[in-house]
Amino acid sequence: MKKIILTLFTLSFILSCKMSADFDDEKEVFIEDLISKMTLAEKAGQMNQYNGFWDATGPMPEGDYQKKRYNELKNGQVGSMLNVIGVDEIYALQKIAVEETRLGIPLIFGHDVIHGYKTIFPIPLAESSSWDLDLMEKSARVAATEASADGLNWTFAPMVDISRDARWGRVMEGAGEDPYLGSLVAKARVKGFQGDDLNDINSIVACAKHFAGYGFSEAGRDYNTTDFNHYTLHNTIMPPFKAAVDAGVRTFMNSFNTLDEIPATGHKHIQRDILKGDWNFDGFIVSDWGSIDQMIPHGFARDGEHAAELAVLAGSDMDMESSLYVSKLVGLVESGKVKEELLNDAVRRILRVKYELGLFEDPFKYCNKQRSDSELASDNNMKVALDAAKKSIVLLKNNNQLLPLQKEGEKIAIIGPLAGDKNSPLGNWRSQAVYNSASSVVEGMNKYKGNRIVYEKGVDLYYGKTNFHNRVKINYDDKSDFGKAKLAAATSDIVVMVLGEEGNQSGEGRSRTNIGLPGLQLELLKEINKINNNIILVVMSGRPLDLSWEDENIPAIVQAWHLGSKSGDAIAQVLYGDYNPSGKLTMSFPRNVGQVPVYYNFKNTGRPSTSIEQVTNSGYADVENSPLYSFGHGLSYTNFSYTNFSIDTDKLGIDSKINASIEIENIGNYKGKEVVQLYIRDIVGSIARPMKELKGFKSVELEPGESKTVNFQIDSSMLEFYTYGNKWESEVGKFHVFVGGNSNITEFKEFYLTD
């Protein structure tokens with residue numbers, strides 16, 4: 001029987017390989033045949049992407065600008081469109097591309113589906129704090145299912161930029177400061193968006209962005225220049241992008257910044273040599289919005305023609321909204337400045353992805369109105385959103401076990417401009433979420449009937465409505481509601497203060513130099529604290545904030561981020577203990593903005609500092625070097641003890657392994673989950689090495705009094721880095737291994753990697 005099963009398995013494997021090979025052969029033959037029929041203008045057109053420029057289900061466009069783009073669409077000079085929303089609109093545009101152009105090549109439709117489509121999940125930085133890779137894959141799958149049901153087939157996500165600077169608003173889109181965890185998150189989200197087969201109806205193309213170094217924008221100022229060395233590029237910035245390639249991501253987006261003083265859009269080494277060369281990436285690269293044209297103000301391109309030339313030579317395959325490829329590439333080829341084969345290569349890559357989506361077989365496969373009506377914001381999708389929101393919450397501080405709240409017999413004052421806010425929890429990049437559709441903290445808390453709840457806003461965070469394109473106008477002078485809030489606090493047992501950033505205060509173009517609580521919120525908090533110190537501070541934000549005063553004075557602090565559609569319900573369930581928080585920070589919180597950038601995996605320097613009393617060491621005179629809350633930090637309503645840490649050998653060979661083990665016990669009164677983290681330090685390297693690097697983690701759930709031994713297998717591949725020899729390898733020598741609940745672990749075991 002075993003032989004029969006083995007034979008059947010072998011035959012199945014051979015058949016699947018043959019079918020896959022046949023598909024690849026058929027695909028490439030089809031593409032080459034199509035390219036051979038295309039004019040230069042049509043090739044340049046496939047490399048051209050436009051934003052939705054008119055209501056496709058309405059009358060014909062009237063303005064000269066819209067008419068020009070409409071004619072280009074009919075002439076086969078548009079290969080993709082973005083921000084076209086809804087089945088009807090997409091169907092109408094696809095019909096023009098397929099039925100009115102000479103070759104009938106379908107369009108691919110893209111959109112920023114960053115953390116959900118209609119059902120909104122926690123912002124990616126928040127969701128990464130769950131350390132739950134299955135959850136992140138599942139939320140991306142739900143987002144893909146909803147987006148594809150509404151006609152879309154491409155998302156400009158995941159953002160996999162590593163960043164250490166909380167001033168940069170786009171940290172909300174990424175997975176934090178660590179390249180190892182960031183790589184695993186990149187894989188999970190790519191798999192979630194793309195599924196097992198791009199041809200599946202609920203799969204959409206993922207896009208790894210921004211390639212590369214965008215998260216290192218100087219001073220945290222968006223679109224700014226960057227300055228980092230060759231080894232930082234390879235050891236810190238590149239790993240999540242490589243992980244995305246390994247996971248099968250089909251598109252990349254290049255970035256606005258310069259690296260090596262060259263705009264990334266025109267950077268041949270990273271795009272052609274590394275991505276398409278060393279990594280064998282055969283999908284396509286799209287520019288960021290207008291980034292080809294923006295090489296002119298960078299001072300890198302003389303004019304539009306020169307910018308188009310530089311971009312295509314560097315390997316940027318599709319032009320998002322510059323209109324330079326469609327207007328300049330034909331002339332560049334005819335003049336001999338650009339070889340036609342470069343256009344062929346770009347078009348080949350674009351057509352390959354369209355083929356894999358099944359668009360040549362059925363261009364309208366994503367245009368099913370009935371599916372759209374049933375999939376968007378379904379009850380099942382909302383259940384996933386609630387689960388994600390609860391798992392993303394991080395308990396930063398809980399003195400005197402103020403949390404969880406008692407469920408009856410208490411009078412609770414809920415105070416703060418974000419407590420009743422149903423829009424901010426959606427965060428930035430909320431795609432097709434309905435305005436004011438999130439559950440608020442007040443709504444979530446009112447579902448628990450045993451306590452008396454009173455709500456006072458206390459202060460307005462901003463003046464008037466906000467939107468993505470306008471900066472928030474912060475309130476710095478109107479304190480007229482302070483009195484009502486102070487009265488509520490004085491007559492209550494517990495105060496829950498919900499403060500932080502409005503949803504549009506983080507995200508693209510939302511850099512901040514002051515990363516404390518905006519406006520009058522801190523002043524309100526100080527006033528309430530004078531009256532009633534039993535305060536639970538719930539912080540909503542899209543980035544780490546400066547919570548130094550809050551940490552010193554407020555007994556309980558909950559980092560609630562922007563949690564999406566089910567935000568208020570999730571926060572209430574955590575505050576009342578129906579869900580025991582288990583989130584861990586993936587980005588360090590600074591003691592003040594002057595520390596930024598601050599991160600756990602720093603280099604030691606030649607004069608390491610251990611206290612502010614030291615004068616001629618690498619430290620500050622006014623504050624410790626360490627973050628306020630470090631990477632990996634996060635508390636629970638229970639307590640865990642770590643004991644019996646050991647390794648089974650102190651010698652590691654190239655082909656052997658070390659088992660590191662530790663016993664973890666729940667010594668508290670609640671069932672809880674702990675993320676056990678493994679860090680390794682390379683003591684001496686061919687280049688200076690970080691003090692610690694995350695190399696593994698496991699989630700353990702324990703009942704009170706229960707204990708478990710957690711094991712990690714260490715092999716030589718975990719010790720590899722991009723060395724002075726300009727290659728990935730491990731170097732022999734001494735290492736320290738740490739296992740515990742955050743990156744501040746001090747106990748270590750020593751081992752040696754030998755030849």
# chains A, B, ... in the order shown; residues from 1 in each chain; ligands from 1

$ select_by_dssp --residues "segment 122-289 of chain A" --states "strand (DSSP E)" --output "MDAnalysis selection string"
chainID A and resid 154:155 207:211 251:254 258:259 262:263 284:286

$ write_last_selection --atoms "N, CA and C atoms" --output "tab-separated table (two decimals), in the first residue's frame"
chain	number	residue	atom	x	y	z
A	154	TRP	N	-4.83	44.46	-8.41
A	154	TRP	CA	-3.44	44.82	-8.06
A	154	TRP	C	-3.48	45.78	-6.88
A	155	THR	N	-2.69	45.51	-5.84
A	155	THR	CA	-2.56	46.42	-4.72
A	155	THR	C	-1.13	46.92	-4.61
A	207	CYS	N	2.59	44.18	-4.36
A	207	CYS	CA	3.65	45.08	-4.81
A	207	CYS	C	4.54	45.42	-3.63
A	208	ALA	N	5.79	44.98	-3.66
A	208	ALA	CA	6.74	45.30	-2.59
A	208	ALA	C	7.27	46.71	-2.82
A	209	LYS	N	7.12	47.56	-1.80
A	209	LYS	CA	7.54	48.95	-1.95
A	209	LYS	C	8.16	49.42	-0.63
A	210	HIS	N	8.98	50.47	-0.68
A	210	HIS	CA	9.42	51.27	-1.81
A	210	HIS	C	10.90	50.97	-2.00
A	211	PHE	N	11.29	50.60	-3.18
A	211	PHE	CA	12.61	50.07	-3.47
A	211	PHE	C	13.55	51.19	-3.89
A	251	THR	N	5.19	42.29	-8.42
A	251	THR	CA	5.55	43.66	-8.78
A	251	THR	C	6.32	44.33	-7.65
A	252	PHE	N	7.13	45.30	-8.03
A	252	PHE	CA	7.86	46.17	-7.11
A	252	PHE	C	7.49	47.61	-7.44
A	253	MET	N	7.60	48.48	-6.46
A	253	MET	CA	7.50	49.92	-6.69
A	253	MET	C	8.79	50.56	-6.21
A	254	ASN	N	9.38	51.40	-7.06
A	254	ASN	CA	10.57	52.09	-6.61
A	254	ASN	C	10.19	53.31	-5.77
A	258	THR	N	16.64	59.46	-2.94
A	258	THR	CA	17.92	59.11	-3.55
A	258	THR	C	18.63	58.09	-2.67
A	259	LEU	N	19.47	57.29	-3.29
A	259	LEU	CA	20.46	56.51	-2.56
A	259	LEU	C	21.72	56.50	-3.42
A	262	ILE	N	21.66	59.06	-6.09
A	262	ILE	CA	20.91	58.82	-7.33
A	262	ILE	C	19.46	58.53	-6.97
A	263	PRO	N	18.48	59.18	-7.61
A	263	PRO	CA	17.09	58.83	-7.35
A	263	PRO	C	16.84	57.35	-7.61
A	284	PHE	N	7.40	42.97	-12.78
A	284	PHE	CA	7.76	44.30	-13.25
A	284	PHE	C	7.80	45.31	-12.12
A	285	ILE	N	8.51	46.44	-12.41
A	285	ILE	CA	8.68	47.53	-11.46
A	285	ILE	C	7.85	48.72	-11.94
A	286	VAL	N	7.03	49.25	-11.05
A	286	VAL	CA	6.27	50.46	-11.34
A	286	VAL	C	6.90	51.61	-10.56

$ residues_around --residues "Asn344 of chain A" --least-positions-apart "3" --cutoff "12 Å" --atoms "only C-alpha atoms" --output "ChimeraX atom specification"
/A:31-47,312,315,317,329,333,338-341,347-352

$ residues_around --residues "segment 230-239 of chain A" --least-positions-apart "6" --cutoff "7 Å" --atoms "only C-alpha atoms" --output "number ranges by chain"
A: 161-162, 179, 183, 213, 721-722

$ closest_residue --among "A:Ala186, A:Met691, A:Ile654, A:Ala166" --to "Ser730 of chain A" --atoms "only C-alpha atoms"
A:Ile654

$ closest_atom_pairs --of "segment 566-597 of chain A" --to "segment 490-507 of chain A" --cutoff "12 Å" --atoms "only C-alpha atoms" --output "Markdown table"
| residue | atom | partner | partner_atom | distance |
| --- | --- | --- | --- | --- |
| A:Gly568 | CA | A:Val498 | CA | 10.7 |
| A:Ile571 | CA | A:Val498 | CA | 10.4 |
| A:Ala572 | CA | A:Val496 | CA | 10.5 |
| A:Leu575 | CA | A:Val496 | CA | 9.4 |
| A:Tyr576 | CA | A:Val496 | CA | 11.7 |

$ write_last_selection --atoms "N, CA and C atoms" --output "PDB file, in the first residue's frame"
ATOM      1  N   GLY A 568     -13.194  50.102  18.543  1.00  0.00           N
ATOM      2  CA  GLY A 568     -13.789  50.322  19.856  1.00  0.00           C
ATOM      3  C   GLY A 568     -14.156  49.039  20.564  1.00  0.00           C
ATOM      4  N   ILE A 571     -10.851  47.416  21.823  1.00  0.00           N
ATOM      5  CA  ILE A 571     -10.287  48.118  22.979  1.00  0.00           C
ATOM      6  C   ILE A 571     -11.099  47.815  24.230  1.00  0.00           C
ATOM      7  N   ALA A 572     -12.419  47.832  24.113  1.00  0.00           N
ATOM      8  CA  ALA A 572     -13.270  47.549  25.273  1.00  0.00           C
ATOM      9  C   ALA A 572     -13.049  46.133  25.783  1.00  0.00           C
ATOM     10  N   LEU A 575      -9.773  46.164  27.662  1.00  0.00           N
ATOM     11  CA  LEU A 575      -9.848  46.890  28.937  1.00  0.00           C
ATOM     12  C   LEU A 575     -10.612  46.101  29.992  1.00  0.00           C
ATOM     13  N   TYR A 576     -11.624  45.370  29.572  1.00  0.00           N
ATOM     14  CA  TYR A 576     -12.415  44.596  30.521  1.00  0.00           C
ATOM     15  C   TYR A 576     -11.877  43.181  30.747  1.00  0.00           C
TER      16      TYR A 576
END

$ select_by_dssp --residues "segment 389-540 of chain A" --states "alpha helix (DSSP H)" --output "PyMOL selection string"
chain A and resi 389-392+441-446+482-490+521-531

$ residues_around --residues "Glu665 of chain A" --least-positions-apart "5" --cutoff "7 Å" --atoms "only C-alpha atoms" --output "JSON, numbers by chain"
{"A": [640, 641, 642, 705, 706, 707, 708]}

$ write_last_selection --atoms "C-alpha atoms" --output "JSON list (two decimals), in the first residue's frame"
[["chain", "number", "residue", "atom", "x", "y", "z"],
["A", 640, "PHE", "CA", 5.60, 35.12, 33.06],
["A", 641, "SER", "CA", 8.85, 33.88, 34.54],
["A", 642, "TYR", "CA", 11.80, 32.64, 32.49],
["A", 705, "GLY", "CA", 0.49, 27.88, 36.96],
["A", 706, "GLU", "CA", 1.27, 26.15, 33.66],
["A", 707, "SER", "CA", 4.83, 26.00, 32.35],
["A", 708, "LYS", "CA", 6.40, 24.97, 29.08]]

$ atom_distance --atom1 "atom CA of Ile662 of chain A" --atom2 "atom CA of Glu177 of chain A"
25.8 Å

$ residues_around --residues "Asp112 of chain A" --least-positions-apart "6" --cutoff "7 Å" --atoms "only C-alpha atoms" --output "PyMOL selection string"
chain A and resi 155-157+431

$ write_last_selection --atoms "all heavy atoms" --output "PDB file, in the first residue's frame"
ATOM      1  N   THR A 155      -2.692  45.508  -5.844  1.00  0.00           N
ATOM      2  CA  THR A 155      -2.560  46.425  -4.723  1.00  0.00           C
ATOM      3  C   THR A 155      -1.134  46.924  -4.610  1.00  0.00           C
ATOM      4  O   THR A 155      -0.184  46.180  -4.867  1.00  0.00           O
ATOM      5  CB  THR A 155      -2.949  45.761  -3.386  1.00  0.00           C
ATOM      6  OG1 THR A 155      -2.697  46.683  -2.318  1.00  0.00           O
ATOM      7  CG2 THR A 155      -2.142  44.495  -3.114  1.00  0.00           C
ATOM      8  N   PHE A 156      -0.984  48.174  -4.216  1.00  0.00           N
ATOM      9  CA  PHE A 156       0.346  48.741  -3.978  1.00  0.00           C
ATOM     10  C   PHE A 156       0.726  48.490  -2.523  1.00  0.00           C
ATOM     11  O   PHE A 156       0.918  49.416  -1.721  1.00  0.00           O
ATOM     12  CB  PHE A 156       0.348  50.221  -4.329  1.00  0.00           C
ATOM     13  CG  PHE A 156      -0.099  50.500  -5.740  1.00  0.00           C
ATOM     14  CD1 PHE A 156      -1.168  51.347  -5.999  1.00  0.00           C
ATOM     15  CD2 PHE A 156       0.531  49.901  -6.815  1.00  0.00           C
ATOM     16  CE1 PHE A 156      -1.585  51.593  -7.294  1.00  0.00           C
ATOM     17  CE2 PHE A 156       0.123  50.131  -8.115  1.00  0.00           C
ATOM     18  CZ  PHE A 156      -0.944  50.986  -8.361  1.00  0.00           C
ATOM     19  N   ALA A 157       0.851  47.243  -2.191  1.00  0.00           N
ATOM     20  CA  ALA A 157       1.199  46.784  -0.844  1.00  0.00           C
ATOM     21  C   ALA A 157       1.768  45.372  -0.988  1.00  0.00           C
ATOM     22  O   ALA A 157       1.479  44.680  -1.971  1.00  0.00           O
ATOM     23  CB  ALA A 157      -0.026  46.789   0.069  1.00  0.00           C
ATOM     24  N   SER A 431      -8.719  53.148   2.209  1.00  0.00           N
ATOM     25  CA  SER A 431      -9.318  52.648   0.979  1.00  0.00           C
ATOM     26  C   SER A 431     -10.795  53.012   0.885  1.00  0.00           C
ATOM     27  O   SER A 431     -11.158  54.178   0.924  1.00  0.00           O
ATOM     28  CB  SER A 431      -9.095  51.140   0.858  1.00  0.00           C
ATOM     29  OG  SER A 431      -9.395  50.700  -0.455  1.00  0.00           O
TER      30      SER A 431
END

$ residues_around --residues "Asp134 of chain A" --least-positions-apart "6" --cutoff "12 Å" --atoms "only C-alpha atoms" --output "mmCIF file with C-alpha atoms, in the first residue's frame"
data_model
loop_
_atom_site.group_PDB
_atom_site.id
_atom_site.type_symbol
_atom_site.label_atom_id
_atom_site.label_comp_id
_atom_site.auth_asym_id
_atom_site.auth_seq_id
_atom_site.Cartn_x
_atom_site.Cartn_y
_atom_site.Cartn_z
ATOM 1 C CA GLU A 127 -0.813 44.478 13.063
ATOM 2 C CA SER A 128 2.895 43.639 13.094
ATOM 3 C CA ALA A 140 -4.357 40.436 3.502
ATOM 4 C CA ARG A 141 -6.426 37.575 2.081
ATOM 5 C CA LEU A 184 8.532 37.369 7.686
ATOM 6 C CA VAL A 185 5.736 39.936 7.590
ATOM 7 C CA ALA A 186 6.529 40.677 3.934
ATOM 8 C CA LYS A 187 6.187 36.995 3.065
ATOM 9 C CA ALA A 188 2.924 36.657 4.971
ATOM 10 C CA ARG A 189 1.307 39.663 3.338
ATOM 11 C CA VAL A 190 2.472 38.732 -0.175
ATOM 12 C CA LYS A 191 1.038 35.251 0.326
ATOM 13 C CA GLY A 192 -2.198 36.738 1.645
ATOM 14 C CA VAL A 384 -11.302 38.754 11.313
ATOM 15 C CA ASP A 387 -9.505 39.442 16.045
ATOM 16 C CA ALA A 388 -6.714 41.414 14.375
ATOM 17 C CA LYS A 391 -4.113 41.014 18.906
ATOM 18 C CA SER A 699 4.072 32.361 20.719
#

$ closest_atom_pairs --of "segment 373-435 of chain A" --to "segment 547-563 of chain A" --cutoff "8 Å" --atoms "only C-alpha atoms" --output "tab-separated table"
residue	atom	partner	partner_atom	distance
A:Ala389	CA	A:Leu563	CA	5.3
A:Ser392	CA	A:Ala560	CA	7.5
A:Ile393	CA	A:Ala560	CA	5.1
A:Val394	CA	A:Gln559	CA	5.1
A:Leu395	CA	A:Val558	CA	4.7
A:Leu396	CA	A:Ile557	CA	5.4
A:Lys397	CA	A:Ala556	CA	4.9
A:Asn398	CA	A:Ala556	CA	4.3
A:Asn399	CA	A:Pro555	CA	5.0
A:Asn400	CA	A:Pro555	CA	7.4
A:Leu402	CA	A:Ala556	CA	6.7
A:Leu403	CA	A:Ala556	CA	7.3
A:Ser424	CA	A:His562	CA	7.0
A:Pro425	CA	A:His562	CA	4.5
A:Leu426	CA	A:His562	CA	6.1
A:Gly427	CA	A:His562	CA	5.2

$ residues_around --residues "Gly444 of chain A" --least-positions-apart "6" --cutoff "12 Å" --atoms "only C-alpha atoms" --output "list in words"
Leu386, Ile414, Ala419, Gly420, Asp421, Lys422, Ala438, Ile453, Ser565, Lys566, Ser567, Gly568, Asp569, Ala570, Ile571, Ala572, Gln573, Val574, Leu575 and Tyr576 of chain A

$ decode --residues "segment 181-192 of chain A" --atoms "all heavy atoms" --output "short mmCIF file (atom, residue, chain, number, x, y, z; two decimals), in the first residue's frame"
data_model
loop_
_atom_site.label_atom_id
_atom_site.label_comp_id
_atom_site.auth_asym_id
_atom_site.auth_seq_id
_atom_site.Cartn_x
_atom_site.Cartn_y
_atom_site.Cartn_z
N LEU A 181 12.03 40.30 11.35
CA LEU A 181 10.58 40.26 11.47
C LEU A 181 9.93 40.88 10.24
O LEU A 181 8.93 40.37 9.72
CB LEU A 181 10.13 41.01 12.73
CG LEU A 181 8.62 41.05 12.99
CD1 LEU A 181 8.06 39.66 13.14
CD2 LEU A 181 8.30 41.89 14.22
N GLY A 182 10.51 41.98 9.74
CA GLY A 182 9.97 42.61 8.54
C GLY A 182 9.95 41.68 7.35
O GLY A 182 9.03 41.72 6.53
N SER A 183 10.93 40.80 7.25
CA SER A 183 10.97 39.83 6.15
C SER A 183 9.85 38.81 6.27
O SER A 183 9.21 38.44 5.28
CB SER A 183 12.33 39.12 6.14
OG SER A 183 13.38 40.03 5.90
N LEU A 184 9.60 38.35 7.49
CA LEU A 184 8.53 37.37 7.69
C LEU A 184 7.16 37.99 7.43
O LEU A 184 6.27 37.35 6.86
CB LEU A 184 8.60 36.81 9.11
CG LEU A 184 9.86 36.02 9.46
CD1 LEU A 184 9.80 35.55 10.91
CD2 LEU A 184 10.03 34.82 8.53
N VAL A 185 7.00 39.24 7.84
CA VAL A 185 5.74 39.94 7.59
C VAL A 185 5.54 40.15 6.09
O VAL A 185 4.43 40.00 5.57
CB VAL A 185 5.70 41.27 8.35
CG1 VAL A 185 4.48 42.10 7.95
CG2 VAL A 185 5.69 41.03 9.85
N ALA A 186 6.61 40.50 5.39
CA ALA A 186 6.53 40.68 3.93
C ALA A 186 6.05 39.40 3.27
O ALA A 186 5.15 39.43 2.40
CB ALA A 186 7.90 41.09 3.38
N LYS A 187 6.61 38.27 3.64
CA LYS A 187 6.19 36.99 3.07
C LYS A 187 4.72 36.72 3.35
O LYS A 187 3.97 36.29 2.46
CB LYS A 187 7.04 35.85 3.63
CG LYS A 187 8.46 35.79 3.09
CD LYS A 187 9.19 34.57 3.66
CE LYS A 187 10.59 34.46 3.09
NZ LYS A 187 11.32 33.27 3.62
N ALA A 188 4.30 36.95 4.59
CA ALA A 188 2.92 36.66 4.97
C ALA A 188 1.94 37.50 4.18
O ALA A 188 0.90 37.01 3.70
CB ALA A 188 2.74 36.88 6.47
N ARG A 189 2.25 38.78 4.02
CA ARG A 189 1.31 39.66 3.34
C ARG A 189 1.29 39.41 1.83
O ARG A 189 0.23 39.48 1.19
CB ARG A 189 1.63 41.12 3.67
CG ARG A 189 1.56 41.42 5.17
CD ARG A 189 1.45 42.90 5.45
NE ARG A 189 0.13 43.38 5.09
CZ ARG A 189 -0.13 44.60 4.63
NH1 ARG A 189 0.87 45.46 4.45
NH2 ARG A 189 -1.35 44.97 4.34
N VAL A 190 2.44 39.10 1.25
CA VAL A 190 2.47 38.73 -0.18
C VAL A 190 1.63 37.49 -0.40
O VAL A 190 0.81 37.42 -1.33
CB VAL A 190 3.92 38.52 -0.67
CG1 VAL A 190 3.93 37.85 -2.04
CG2 VAL A 190 4.66 39.85 -0.72
N LYS A 191 1.81 36.49 0.46
CA LYS A 191 1.04 35.25 0.33
C LYS A 191 -0.45 35.53 0.50
O LYS A 191 -1.29 34.97 -0.21
CB LYS A 191 1.51 34.25 1.38
CG LYS A 191 0.81 32.90 1.33
CD LYS A 191 1.20 32.10 0.12
CE LYS A 191 0.43 30.79 0.01
NZ LYS A 191 0.66 29.91 1.17
N GLY A 192 -0.80 36.42 1.43
CA GLY A 192 -2.20 36.74 1.64
C GLY A 192 -2.83 37.40 0.44
O GLY A 192 -3.94 37.04 0.03
#
